[in-house]
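structure02.cif follows (mmCIF, C-alpha atoms):
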data_upload
loop_
_atom_site.group_PDB
_atom_site.id
_atom_site.type_symbol
_atom_site.label_atom_id
_atom_site.label_comp_id
_atom_site.auth_asym_id
_atom_site.auth_seq_id
_atom_site.Cartn_x
_atom_site.Cartn_y
_atom_site.Cartn_z
ATOM 1 C CA MET A 1 59.613 86.338 103.390
ATOM 2 C CA GLN A 2 61.058 89.489 104.899
ATOM 3 C CA VAL A 3 61.778 92.197 102.328
ATOM 4 C CA ILE A 4 64.956 94.277 102.404
ATOM 5 C CA LYS A 5 65.117 97.409 100.284
ATOM 6 C CA ILE A 6 68.366 98.477 98.688
ATOM 7 C CA LYS A 7 69.936 101.761 99.761
ATOM 8 C CA PRO A 8 72.541 103.793 97.900
ATOM 9 C CA LEU A 9 76.082 103.139 99.066
ATOM 10 C CA ASP A 10 77.807 105.890 100.972
ATOM 11 C CA GLU A 11 80.850 105.956 103.151
ATOM 12 C CA LYS A 12 79.110 106.857 106.385
ATOM 13 C CA SER A 13 76.379 104.209 106.235
ATOM 14 C CA PHE A 14 78.869 101.556 105.215
ATOM 15 C CA ALA A 15 81.492 102.463 107.831
ATOM 16 C CA PRO A 16 80.508 99.811 110.412
ATOM 17 C CA TYR A 17 81.057 97.104 107.794
ATOM 18 C CA GLY A 18 83.892 98.352 105.658
ATOM 19 C CA ASP A 19 85.360 101.039 103.463
ATOM 20 C CA VAL A 20 84.047 102.580 100.270
ATOM 21 C CA ILE A 21 86.787 102.803 97.649
ATOM 22 C CA ASP A 22 85.810 105.542 95.217
ATOM 23 C CA PHE A 23 86.714 108.882 93.693
ATOM 24 C CA ASN A 24 83.935 110.795 95.490
ATOM 25 C CA ARG A 25 86.424 112.567 97.722
ATOM 26 C CA LYS A 26 89.250 115.050 97.538
ATOM 27 C CA PRO A 27 92.554 113.625 96.339
ATOM 28 C CA ASP A 28 95.088 113.332 99.159
ATOM 29 C CA PHE A 29 98.102 114.417 97.134
ATOM 30 C CA ALA A 30 99.526 114.458 93.624
ATOM 31 C CA ILE A 31 102.229 112.136 92.382
ATOM 32 C CA ASN A 32 104.215 111.958 89.131
ATOM 33 C CA ASN A 33 105.110 115.618 89.032
ATOM 34 C CA GLY A 34 101.478 116.655 89.438
ATOM 35 C CA LYS A 35 100.134 114.491 86.636
ATOM 36 C CA CYS A 36 98.305 111.982 88.867
ATOM 37 C CA ASP A 37 95.977 112.569 91.794
ATOM 38 C CA ARG A 38 96.341 109.946 94.483
ATOM 39 C CA PHE A 39 93.405 108.997 96.713
ATOM 40 C CA HIS A 40 95.493 107.444 99.419
ATOM 41 C CA ASP A 41 95.043 104.459 101.701
ATOM 42 C CA LEU A 42 91.299 104.036 101.323
ATOM 43 C CA ALA A 43 90.872 100.705 103.088
ATOM 44 C CA GLN A 44 91.437 99.279 106.555
ATOM 45 C CA VAL A 45 93.237 96.174 105.416
ATOM 46 C CA SER A 46 93.897 93.492 108.000
ATOM 47 C CA ILE A 47 95.374 90.011 107.935
ATOM 48 C CA LEU A 48 95.895 87.582 110.796
ATOM 49 C CA GLY A 49 98.239 84.629 111.021
ATOM 50 C CA ASP A 50 101.844 83.932 110.129
ATOM 51 C CA ASP A 51 102.666 83.041 106.548
ATOM 52 C CA ALA A 52 99.736 85.094 105.280
ATOM 53 C CA LYS A 53 99.834 88.064 102.946
ATOM 54 C CA LEU A 54 97.468 90.495 101.370
ATOM 55 C CA GLY A 55 97.370 89.442 97.728
ATOM 56 C CA ILE A 56 95.953 90.621 94.433
ATOM 57 C CA SER A 57 93.488 88.457 92.503
ATOM 58 C CA LEU A 58 90.789 88.961 89.907
ATOM 59 C CA GLY A 59 87.202 87.749 89.985
ATOM 60 C CA ARG A 60 84.779 87.315 87.102
ATOM 61 C CA GLY A 61 81.270 86.950 88.489
ATOM 62 C CA ARG A 62 78.162 85.717 86.761
ATOM 63 C CA PRO A 63 75.220 88.065 87.199
ATOM 64 C CA TYR A 64 72.238 87.973 89.506
ATOM 65 C CA THR A 65 68.877 89.631 88.990
ATOM 66 C CA LEU A 66 66.543 91.482 91.296
ATOM 67 C CA PRO A 67 64.533 90.696 93.288
ATOM 68 C CA LEU A 68 67.026 88.309 94.849
ATOM 69 C CA GLU A 69 66.569 85.679 97.524
ATOM 70 C CA LEU A 70 69.285 85.893 100.144
ATOM 71 C CA ASN A 71 69.884 82.451 101.596
ATOM 72 C CA MET A 72 73.408 82.702 102.895
ATOM 73 C CA MET A 73 76.013 85.090 104.201
ATOM 74 C CA GLU A 74 79.687 84.552 104.906
ATOM 75 C CA ARG A 75 82.576 86.140 106.769
ATOM 76 C CA HIS A 76 86.335 85.869 106.847
ATOM 77 C CA PRO A 77 87.713 85.725 110.394
ATOM 78 C CA LEU A 78 91.342 86.091 109.308
ATOM 79 C CA GLY A 79 91.280 88.987 106.884
ATOM 80 C CA SER A 80 89.679 91.935 105.159
ATOM 81 C CA GLN A 81 88.500 91.575 101.580
ATOM 82 C CA ALA A 82 88.224 94.260 98.917
ATOM 83 C CA PHE A 83 86.290 94.165 95.640
ATOM 84 C CA ILE A 84 86.785 96.956 93.134
ATOM 85 C CA PRO A 85 84.798 96.745 89.878
ATOM 86 C CA LEU A 86 86.844 96.986 86.707
ATOM 87 C CA ASP A 87 84.011 98.056 84.492
ATOM 88 C CA LYS A 88 82.359 100.783 86.520
ATOM 89 C CA LYS A 89 79.055 98.959 86.684
ATOM 90 C CA PRO A 90 76.790 99.018 89.744
ATOM 91 C CA PHE A 91 76.743 95.917 91.933
ATOM 92 C CA LEU A 92 74.797 94.789 94.976
ATOM 93 C CA LEU A 93 76.264 94.600 98.473
ATOM 94 C CA ILE A 94 74.604 92.962 101.457
ATOM 95 C CA VAL A 95 76.172 93.165 104.896
ATOM 96 C CA ALA A 96 75.061 92.473 108.456
ATOM 97 C CA ALA A 97 76.208 93.097 111.993
ATOM 98 C CA ASP A 98 77.009 90.029 114.057
ATOM 99 C CA LYS A 99 74.582 88.794 116.703
ATOM 100 C CA ASP A 100 75.743 85.839 118.775
ATOM 101 C CA GLY A 101 77.816 84.417 115.939
ATOM 102 C CA ALA A 102 75.154 84.815 113.241
ATOM 103 C CA PRO A 103 74.227 87.688 110.909
ATOM 104 C CA ASP A 104 71.782 90.180 112.373
ATOM 105 C CA ALA A 105 69.244 91.825 110.005
ATOM 106 C CA PRO A 106 70.925 92.191 106.577
ATOM 107 C CA ILE A 107 71.386 95.627 105.015
ATOM 108 C CA ALA A 108 71.584 96.012 101.232
ATOM 109 C CA PHE A 109 73.515 98.713 99.381
ATOM 110 C CA MET A 110 73.862 99.480 95.697
ATOM 111 C CA ALA A 111 77.407 100.405 94.730
ATOM 112 C CA GLU A 112 77.155 102.991 92.009
ATOM 113 C CA GLU A 113 79.394 103.279 88.995
ATOM 114 C CA GLY A 114 83.018 102.997 90.001
ATOM 115 C CA GLN A 115 82.510 102.343 93.710
ATOM 116 C CA GLY A 116 84.413 99.472 95.245
ATOM 117 C CA VAL A 117 84.404 98.266 98.825
ATOM 118 C CA ASN A 118 86.646 96.676 101.403
ATOM 119 C CA TYR A 119 84.863 94.449 103.911
ATOM 120 C CA HIS A 120 86.482 94.635 107.306
ATOM 121 C CA ARG A 121 87.793 91.423 108.771
ATOM 122 C CA ASN A 122 85.030 89.195 110.140
ATOM 123 C CA THR A 123 82.144 91.235 108.692
ATOM 124 C CA TRP A 124 79.125 89.260 107.484
ATOM 125 C CA HIS A 125 78.489 89.822 103.787
ATOM 126 C CA ALA A 126 76.772 88.195 100.841
ATOM 127 C CA VAL A 127 78.695 86.712 97.928
ATOM 128 C CA LEU A 128 79.882 88.946 95.107
ATOM 129 C CA THR A 129 76.723 90.102 93.348
ATOM 130 C CA PRO A 130 77.029 91.788 89.958
ATOM 131 C CA LEU A 131 73.604 92.582 88.531
ATOM 132 C CA ASP A 132 72.248 91.755 85.071
ATOM 133 C CA GLU A 133 75.691 91.501 83.435
ATOM 134 C CA GLN A 134 78.935 89.684 84.136
ATOM 135 C CA GLY A 135 81.140 91.658 86.505
ATOM 136 C CA ASP A 136 84.935 91.842 86.658
ATOM 137 C CA PHE A 137 86.602 92.813 89.913
ATOM 138 C CA VAL A 138 90.005 93.289 91.468
ATOM 139 C CA ILE A 139 90.085 91.339 94.723
ATOM 140 C CA VAL A 140 92.553 92.313 97.436
ATOM 141 C CA ASP A 141 92.375 89.871 100.301
ATOM 142 C CA ARG A 142 94.280 87.549 102.588
ATOM 143 C CA ILE A 143 96.145 84.698 100.987
ATOM 144 C CA GLY A 144 97.490 82.104 103.394
ATOM 145 C CA GLU A 145 96.847 79.008 105.449
ATOM 146 C CA GLY A 146 94.019 78.538 107.935
ATOM 147 C CA ASN A 147 90.234 78.395 107.732
ATOM 148 C CA ASN A 148 89.209 81.884 106.682
ATOM 149 C CA LEU A 149 85.603 81.163 105.650
ATOM 150 C CA GLU A 150 82.522 80.954 107.860
ATOM 151 C CA GLU A 151 79.118 80.516 106.220
ATOM 152 C CA TYR A 152 75.664 81.052 107.691
ATOM 153 C CA PHE A 153 72.506 79.721 106.053
ATOM 154 C CA PHE A 154 69.204 81.375 106.933
ATOM 155 C CA ASP A 155 66.208 79.214 107.890
ATOM 156 C CA THR A 156 63.986 81.651 105.989
ATOM 157 C CA PRO A 157 65.546 83.584 103.116
ATOM 158 C CA TYR A 158 65.270 87.349 102.790
ATOM 159 C CA LEU A 159 63.979 89.033 99.636
ATOM 160 C CA ILE A 160 66.207 91.865 98.366
ATOM 161 C CA LYS A 161 64.359 94.448 96.274
ATOM 162 C CA ASN A 162 65.335 97.629 94.570
ATOM 163 C CA ARG A 163 64.506 100.844 96.367
ATOM 164 C CA MET B 1 117.482 110.976 70.581
ATOM 165 C CA GLN B 2 117.336 107.197 70.874
ATOM 166 C CA VAL B 3 113.985 105.771 69.780
ATOM 167 C CA ILE B 4 112.213 103.001 71.707
ATOM 168 C CA LYS B 5 109.351 101.169 70.029
ATOM 169 C CA ILE B 6 106.422 99.940 72.058
ATOM 170 C CA LYS B 7 105.786 96.197 72.302
ATOM 171 C CA PRO B 8 102.557 94.487 73.283
ATOM 172 C CA LEU B 9 102.450 93.468 76.943
ATOM 173 C CA ASP B 10 102.633 89.793 77.724
ATOM 174 C CA GLU B 11 103.375 87.896 80.868
ATOM 175 C CA LYS B 12 106.600 86.283 79.717
ATOM 176 C CA SER B 13 108.301 89.430 78.399
ATOM 177 C CA PHE B 14 107.275 91.385 81.471
ATOM 178 C CA ALA B 15 108.301 88.704 83.998
ATOM 179 C CA PRO B 16 111.734 90.173 84.850
ATOM 180 C CA TYR B 17 110.042 93.436 85.878
ATOM 181 C CA GLY B 18 106.744 92.410 87.349
ATOM 182 C CA ASP B 19 103.443 90.598 86.983
ATOM 183 C CA VAL B 20 100.682 91.043 84.453
ATOM 184 C CA ILE B 21 97.289 91.131 86.148
ATOM 185 C CA ASP B 22 94.701 90.119 83.567
ATOM 186 C CA PHE B 23 92.011 87.624 82.605
ATOM 187 C CA ASN B 24 94.053 86.073 79.758
ATOM 188 C CA ARG B 25 94.552 82.851 81.699
ATOM 189 C CA LYS B 26 92.564 79.958 83.096
ATOM 190 C CA PRO B 27 90.724 80.701 86.326
ATOM 191 C CA ASP B 28 92.328 78.985 89.324
ATOM 192 C CA PHE B 29 89.100 78.003 91.016
ATOM 193 C CA ALA B 30 85.482 79.018 91.447
ATOM 194 C CA ILE B 31 84.068 80.707 94.521
ATOM 195 C CA ASN B 32 80.534 81.645 95.568
ATOM 196 C CA ASN B 33 79.008 78.277 94.812
ATOM 197 C CA GLY B 34 80.401 78.306 91.281
ATOM 198 C CA LYS B 35 79.117 81.772 90.374
ATOM 199 C CA CYS B 36 82.496 83.517 90.352
ATOM 200 C CA ASP B 37 85.767 82.479 88.734
ATOM 201 C CA ARG B 38 88.785 83.472 90.769
ATOM 202 C CA PHE B 39 92.115 84.243 89.119
ATOM 203 C CA HIS B 40 94.158 83.786 92.224
ATOM 204 C CA ASP B 41 97.238 85.502 93.623
ATOM 205 C CA LEU B 42 98.447 87.162 90.429
ATOM 206 C CA ALA B 43 101.144 89.382 91.884
ATOM 207 C CA GLN B 44 104.402 88.970 93.758
ATOM 208 C CA VAL B 45 103.667 91.563 96.394
ATOM 209 C CA SER B 46 106.497 92.564 98.701
ATOM 210 C CA ILE B 47 106.937 95.109 101.455
ATOM 211 C CA LEU B 48 109.970 95.807 103.589
ATOM 212 C CA GLY B 49 110.183 97.533 106.940
ATOM 213 C CA ASP B 50 108.267 97.428 110.194
ATOM 214 C CA ASP B 51 105.097 99.468 110.452
ATOM 215 C CA ALA B 52 104.458 99.103 106.741
ATOM 216 C CA LYS B 53 101.469 97.527 105.044
ATOM 217 C CA LEU B 54 100.256 96.836 101.570
ATOM 218 C CA GLY B 55 97.404 99.296 101.102
ATOM 219 C CA ILE B 56 94.697 100.126 98.597
ATOM 220 C CA SER B 57 94.584 103.533 96.908
ATOM 221 C CA LEU B 58 93.173 105.018 93.724
ATOM 222 C CA GLY B 59 94.947 107.101 91.123
ATOM 223 C CA ARG B 60 93.470 109.414 88.506
ATOM 224 C CA GLY B 61 96.105 110.211 85.922
ATOM 225 C CA ARG B 62 96.137 112.928 83.306
ATOM 226 C CA PRO B 63 96.911 111.638 79.833
ATOM 227 C CA TYR B 64 100.091 111.637 77.801
ATOM 228 C CA THR B 65 100.401 111.455 74.035
ATOM 229 C CA LEU B 66 102.752 109.590 71.720
ATOM 230 C CA PRO B 67 105.485 110.038 70.746
ATOM 231 C CA LEU B 68 106.635 110.665 74.309
ATOM 232 C CA GLU B 69 109.934 111.923 75.649
ATOM 233 C CA LEU B 70 111.138 109.824 78.547
ATOM 234 C CA ASN B 71 113.228 111.966 80.856
ATOM 235 C CA MET B 72 112.971 110.120 84.134
ATOM 236 C CA MET B 73 112.412 106.738 85.702
ATOM 237 C CA GLU B 74 111.815 105.787 89.308
ATOM 238 C CA ARG B 75 111.888 102.761 91.584
ATOM 239 C CA HIS B 76 110.636 101.841 95.023
ATOM 240 C CA PRO B 77 113.252 100.040 97.105
ATOM 241 C CA LEU B 78 110.824 99.095 99.875
ATOM 242 C CA GLY B 79 107.853 97.649 98.063
ATOM 243 C CA SER B 80 106.057 96.356 95.005
ATOM 244 C CA GLN B 81 103.470 98.550 93.305
ATOM 245 C CA ALA B 82 100.430 97.452 91.318
ATOM 246 C CA PHE B 83 98.324 99.513 88.913
ATOM 247 C CA ILE B 84 95.103 98.041 87.580
ATOM 248 C CA PRO B 85 93.062 100.191 85.186
ATOM 249 C CA LEU B 86 89.432 100.709 86.151
ATOM 250 C CA ASP B 87 88.226 101.566 82.714
ATOM 251 C CA LYS B 88 89.821 98.865 80.570
ATOM 252 C CA LYS B 89 91.746 101.369 78.487
ATOM 253 C CA PRO B 90 95.266 100.716 77.159
ATOM 254 C CA PHE B 91 98.128 102.454 78.912
ATOM 255 C CA LEU B 92 101.868 102.729 78.401
ATOM 256 C CA LEU B 93 104.447 100.973 80.582
ATOM 257 C CA ILE B 94 108.169 101.602 80.510
ATOM 258 C CA VAL B 95 110.547 99.496 82.574
ATOM 259 C CA ALA B 96 114.288 98.914 82.718
ATOM 260 C CA ALA B 97 116.764 96.535 84.265
ATOM 261 C CA ASP B 98 119.197 98.041 86.742
ATOM 262 C CA LYS B 99 122.802 98.711 85.752
ATOM 263 C CA ASP B 100 125.077 100.011 88.496
ATOM 264 C CA GLY B 101 122.232 101.795 90.253
ATOM 265 C CA ALA B 102 120.760 103.409 87.127
ATOM 266 C CA PRO B 103 118.181 102.231 84.569
ATOM 267 C CA ASP B 104 119.651 100.229 81.699
ATOM 268 C CA ALA B 105 118.011 100.579 78.238
ATOM 269 C CA PRO B 106 114.273 101.223 78.766
ATOM 270 C CA ILE B 107 111.700 98.794 77.368
ATOM 271 C CA ALA B 108 108.191 100.002 76.516
ATOM 272 C CA PHE B 109 105.026 97.892 76.632
ATOM 273 C CA MET B 110 101.439 98.697 75.773
ATOM 274 C CA ALA B 111 98.982 97.244 78.276
ATOM 275 C CA GLU B 112 95.915 96.250 76.313
ATOM 276 C CA GLU B 113 92.320 96.586 77.460
ATOM 277 C CA GLY B 114 91.940 95.292 80.998
ATOM 278 C CA GLN B 115 95.579 94.470 81.695
ATOM 279 C CA GLY B 116 97.072 95.689 84.925
ATOM 280 C CA VAL B 117 100.584 95.223 86.254
ATOM 281 C CA ASN B 118 102.484 94.808 89.475
ATOM 282 C CA TYR B 119 106.020 96.204 89.438
ATOM 283 C CA HIS B 120 108.323 94.114 91.563
ATOM 284 C CA ARG B 121 110.103 95.858 94.397
ATOM 285 C CA ASN B 122 113.004 98.000 93.226
ATOM 286 C CA THR B 123 112.205 97.739 89.493
ATOM 287 C CA TRP B 124 112.885 100.848 87.423
ATOM 288 C CA HIS B 125 109.693 102.120 85.782
ATOM 289 C CA ALA B 126 108.256 105.272 84.289
ATOM 290 C CA VAL B 127 105.425 107.197 85.924
ATOM 291 C CA LEU B 128 101.828 106.117 85.374
ATOM 292 C CA THR B 129 101.130 106.835 81.707
ATOM 293 C CA PRO B 130 97.537 106.730 80.474
ATOM 294 C CA LEU B 131 97.326 107.693 76.828
ATOM 295 C CA ASP B 132 95.057 110.273 75.189
ATOM 296 C CA GLU B 133 92.407 110.136 77.929
ATOM 297 C CA GLN B 134 92.353 110.415 81.704
ATOM 298 C CA GLY B 135 92.995 107.052 83.349
ATOM 299 C CA ASP B 136 91.658 105.694 86.626
ATOM 300 C CA PHE B 137 93.604 102.984 88.431
ATOM 301 C CA VAL B 138 93.537 100.891 91.569
ATOM 302 C CA ILE B 139 96.937 101.160 93.218
ATOM 303 C CA VAL B 140 98.090 98.434 95.593
ATOM 304 C CA ASP B 141 101.409 99.367 97.123
ATOM 305 C CA ARG B 142 103.404 99.799 100.288
ATOM 306 C CA ILE B 143 102.159 102.357 102.778
ATOM 307 C CA GLY B 144 104.531 103.144 105.606
ATOM 308 C CA GLU B 145 107.520 105.108 106.810
ATOM 309 C CA GLY B 146 110.894 105.308 105.105
ATOM 310 C CA ASN B 147 112.176 106.661 101.809
ATOM 311 C CA ASN B 148 110.595 104.446 99.192
ATOM 312 C CA LEU B 149 111.266 106.580 96.102
ATOM 313 C CA GLU B 150 114.416 106.773 94.010
ATOM 314 C CA GLU B 151 114.397 108.857 90.818
ATOM 315 C CA TYR B 152 116.824 108.829 87.915
ATOM 316 C CA PHE B 153 116.971 111.613 85.331
ATOM 317 C CA PHE B 154 118.481 110.831 81.933
ATOM 318 C CA ASP B 155 121.103 113.171 80.439
ATOM 319 C CA THR B 156 119.546 112.562 77.024
ATOM 320 C CA PRO B 157 115.855 111.672 76.898
ATOM 321 C CA TYR B 158 114.536 108.669 74.984
ATOM 322 C CA LEU B 159 111.751 108.954 72.436
ATOM 323 C CA ILE B 160 108.952 106.396 72.886
ATOM 324 C CA LYS B 161 107.036 105.633 69.706
ATOM 325 C CA ASN B 162 104.202 103.326 68.825
ATOM 326 C CA ARG B 163 105.098 100.041 67.187
#

In structure tokens, how does this file's structure come out?
Amino acid sequence: MQVIKIKPLDEKSFAPYGDVIDFNRKPDFAINNGKCDRFHDLAQVSILGDDAKLGISLGRGRPYTLPLELNMMERHPLGSQAFIPLDKKPFLLIVAADKDGAPDAPIAFMAEEGQGVNYHRNTWHAVLTPLDEQGDFVIVDRIGEGNNLEEYFFDTPYLIKNR
Amino acid sequence: MQVIKIKPLDEKSFAPYGDVIDFNRKPDFAINNGKCDRFHDLAQVSILGDDAKLGISLGRGRPYTLPLELNMMERHPLGSQAFIPLDKKPFLLIVAADKDGAPDAPIAFMAEEGQGVNYHRNTWHAVLTPLDEQGDFVIVDRIGEGNNLEEYFFDTPYLIKNR
């Protein structure tokens, strides 16, 4: 089984796949008479199709443990999808470039405390993967009609291990 | 100075002003092969105007203390605005119905651990008000051109006190 080591999440490495939503940046401007710093417009959101909207949901995910066997990845052809952790716990992210309609070699990132992400539309990614403990997330994604889920099952799973 | 006592936040009382975004409800369905409960589409999001989108930002607010003098409220005529706390700390919410283009009597709610809100478009509300400690929030609101901020300053401030 091919082993994939987990890398720390940073904006530059993640850029081909999505946006990092975190406070590790300068605030863009202050609101509320200077009492609140706003880190503005951190995600390339995108939705396709009429009668679709970007909506707000919550997700409560049961935990996974490392090392982890990666059997499947998915993508959403009609919209971006953001996950922002509500409890500032690390979670695992696995993404891949597309190669002829299937995921190319997966890349694993560890989101550190307080980092959320927005997957760009049609980017291959693994399911939501909190580690060791239940994870609560804000989800901001497309809500609407149409088939917005494509799944790909690997013939041979990958093994995801901590760095 | 007129005193306003703070009430606990619940979905029904808050409904005329916006949506409560929390886990105090049954999940709508499971995703990720049953590993994640999804609490789906919890907010009436709304944006007006061409070239506008619903975007994802972060806010880091400096704290207030109680009792608090309420001098000003604001509203956003072009879009809804959601604040979801990232650290599961309580925060103060103050909203008001509209009366002839000004806020009617303000109503104060305490969001308990993990509760976020979405203000409906054009609803009078106070600025983001974390209490006692800095508060980090996901903000999901309209990003685009046009004047989306209306402020109202009270002649006589209100005094907001804990219940």

List as a PDB file with C-alpha atoms, in the frame of the given file the protein and nucleic acid residues near B:Asp136, meaning an atom at most 8 Å away when all atoms listed in the file are counted, but skip any in the same chain fewer than 6 places from it.
ATOM      1  CA  LEU B  58      93.173 105.018  93.724  1.00  0.00           C
ATOM      2  CA  GLY B  59      94.947 107.101  91.123  1.00  0.00           C
ATOM      3  CA  ARG B  60      93.470 109.414  88.506  1.00  0.00           C
ATOM      4  CA  GLY B  61      96.105 110.211  85.922  1.00  0.00           C
ATOM      5  CA  PRO B  85      93.062 100.191  85.186  1.00  0.00           C
ATOM      6  CA  LEU B  86      89.432 100.709  86.151  1.00  0.00           C
ATOM      7  CA  ASP B  87      88.226 101.566  82.714  1.00  0.00           C
TER       8      ASP B  87
END

For a quick check of your reading of the model, name the residues lying within 6 Å of the coordinate (77.9, 85.9, 104.6), counting only C-alpha atoms, and write them as a list in words.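 It turns out the residues near that spot are Met72, Met73, Glu74, Arg75, Trp124, His125, Ala126 and Glu151 of chain A.
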
Using C-alpha atoms, can you export the residues from the last selection as a short mmCIF file (atom, residue, chain, number, x, y, z; two decimals), keeping the file's coordinate frame?
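What follows is the written file part-v5.cif:
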data_model
loop_
_atom_site.label_atom_id
_atom_site.label_comp_id
_atom_site.auth_asym_id
_atom_site.auth_seq_id
_atom_site.Cartn_x
_atom_site.Cartn_y
_atom_site.Cartn_z
CA MET A 72 73.41 82.70 102.90
CA MET A 73 76.01 85.09 104.20
CA GLU A 74 79.69 84.55 104.91
CA ARG A 75 82.58 86.14 106.77
CA TRP A 124 79.12 89.26 107.48
CA HIS A 125 78.49 89.82 103.79
CA ALA A 126 76.77 88.20 100.84
CA GLU A 151 79.12 80.52 106.22
#

Residue with smallest distance to A:Thr129 - pool A:Val3, A:Ala30, A:Ile143, A:Ile94, counting all atoms listed in the file: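 Closest to A:Thr129, using all atoms listed in the file: A:Ile94.
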
So that each row is one residue of chain B with an atom at most 7 Å from chain A, can you give its shortest atom pair and the distance in Å to one decimal, using all atoms listed in the file, rows by chain and rising number, as JSON lines?
{"residue": "B:Asn32", "atom": "CA", "partner": "A:Val127", "partner_atom": "CA", "distance": 5.9}
{"residue": "B:Lys35", "atom": "CA", "partner": "A:Arg62", "partner_atom": "CA", "distance": 5.4}
{"residue": "B:Cys36", "atom": "CA", "partner": "A:Gly61", "partner_atom": "CA", "distance": 4.1}
{"residue": "B:Asp37", "atom": "CA", "partner": "A:Arg60", "partner_atom": "CA", "distance": 5.2}
{"residue": "B:Arg38", "atom": "CA", "partner": "A:Gly59", "partner_atom": "CA", "distance": 4.6}
{"residue": "B:Phe39", "atom": "CA", "partner": "A:Leu58", "partner_atom": "CA", "distance": 5.0}
{"residue": "B:His40", "atom": "CA", "partner": "A:Ser57", "partner_atom": "CA", "distance": 4.7}
{"residue": "B:Asp41", "atom": "CA", "partner": "A:Ser57", "partner_atom": "CA", "distance": 4.9}
{"residue": "B:Leu42", "atom": "CA", "partner": "A:Ser57", "partner_atom": "CA", "distance": 5.5}
{"residue": "B:Ala43", "atom": "CA", "partner": "A:Ile56", "partner_atom": "CA", "distance": 5.9}
{"residue": "B:Val45", "atom": "CA", "partner": "A:Gly55", "partner_atom": "CA", "distance": 6.8}
{"residue": "B:Leu54", "atom": "CA", "partner": "A:Leu54", "partner_atom": "CA", "distance": 6.9}
{"residue": "B:Gly55", "atom": "CA", "partner": "A:Asp41", "partner_atom": "CA", "distance": 5.7}
{"residue": "B:Ile56", "atom": "CA", "partner": "A:Asp41", "partner_atom": "CA", "distance": 5.3}
{"residue": "B:Ser57", "atom": "CA", "partner": "A:His40", "partner_atom": "CA", "distance": 4.7}
{"residue": "B:Leu58", "atom": "CA", "partner": "A:Phe39", "partner_atom": "CA", "distance": 5.0}
{"residue": "B:Gly59", "atom": "CA", "partner": "A:Arg38", "partner_atom": "CA", "distance": 4.6}
{"residue": "B:Arg60", "atom": "CA", "partner": "A:Asp37", "partner_atom": "CA", "distance": 5.2}
{"residue": "B:Gly61", "atom": "CA", "partner": "A:Cys36", "partner_atom": "CA", "distance": 4.1}
{"residue": "B:Arg62", "atom": "CA", "partner": "A:Lys35", "partner_atom": "CA", "distance": 5.4}
{"residue": "B:Leu86", "atom": "CA", "partner": "A:Leu86", "partner_atom": "CA", "distance": 4.6}
{"residue": "B:Asp87", "atom": "CA", "partner": "A:Asp87", "partner_atom": "CA", "distance": 5.8}
{"residue": "B:Val127", "atom": "CA", "partner": "A:Asn32", "partner_atom": "CA", "distance": 5.9}

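Coordinates place atom CA of A:Tyr152 at a distance of 21.5 Å from atom CA of A:Leu66.
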
With 5 Å added on each side, what axis-aligned box encloses every listed atom of stretch 42-57 of chain A? Give the centre and edge lengths in Å to one decimal, as JSON.
{"center_x": 96.8, "center_y": 93.5, "center_z": 101.8, "size_x": 21.8, "size_y": 31.0, "size_z": 28.5}

Can you measure atom CA of A:Phe83 to atom CA of B:Asp28 for me? One decimal in Å is fine. 17.5 Å

What gap, in Å, lies between atom CA of B:Ala15 and atom CA of B:Thr123?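 Pair atom CA of B:Ala15 / atom CA of B:Thr123 returns 11.3 Å.
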
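Using only C-alpha atoms, the smallest distance between any of A:Glu113, A:Glu69, A:Asp132, A:Asp100 and A:Met1 comes from A:Glu69.
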
Here's the selection I'm unsure about, the PyMOL selection byres ((chain A and resi 70) around 7); applied to the file above, which residues does it give, as a ChimeraX atom specification? /A:68-69,71-72,157-160

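Minimum distance to A:Lys5 across A:Lys89, A:Phe153, A:Gly144, A:Pro67 (counting all atoms listed in the file) occurs at A:Pro67.
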
Of the listed residues A:Leu78, A:Leu9, A:Leu149, A:Ile47, that which approaches A:Pro90 most closely, counting only C-alpha atoms: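 Using only C-alpha atoms, A:Pro90 sits closest to A:Leu9.
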
Of the listed residues B:Lys161, B:His76, B:His120, B:Lys26, that which approaches B:Ile6 most closely, counting all atoms listed in the file: B:Lys161

Just write stretch 89-95 of chain A with N, CA and C atoms, as a compact mmCIF listing (two decimals), in the first residue's frame, taken from the block above.
# COMPACT_ATOMS: atom_id res chain seq x y z
N LYS A 89 -9.81 22.45 16.80
CA LYS A 89 -9.00 21.23 16.87
C LYS A 89 -8.41 20.96 15.49
N PRO A 90 -7.23 20.31 15.44
CA PRO A 90 -6.69 19.93 14.14
C PRO A 90 -7.59 18.92 13.44
N PHE A 91 -7.59 18.93 12.12
CA PHE A 91 -8.25 17.86 11.37
C PHE A 91 -7.47 17.58 10.10
N LEU A 92 -7.74 16.41 9.53
CA LEU A 92 -6.97 15.94 8.38
C LEU A 92 -7.67 16.32 7.08
N LEU A 93 -6.87 16.77 6.12
CA LEU A 93 -7.38 17.10 4.79
C LEU A 93 -6.62 16.28 3.76
N ILE A 94 -7.32 15.70 2.81
CA ILE A 94 -6.65 15.01 1.72
C ILE A 94 -7.25 15.51 0.42
N VAL A 95 -6.42 15.98 -0.47
CA VAL A 95 -6.88 16.51 -1.75
C VAL A 95 -6.07 15.87 -2.88
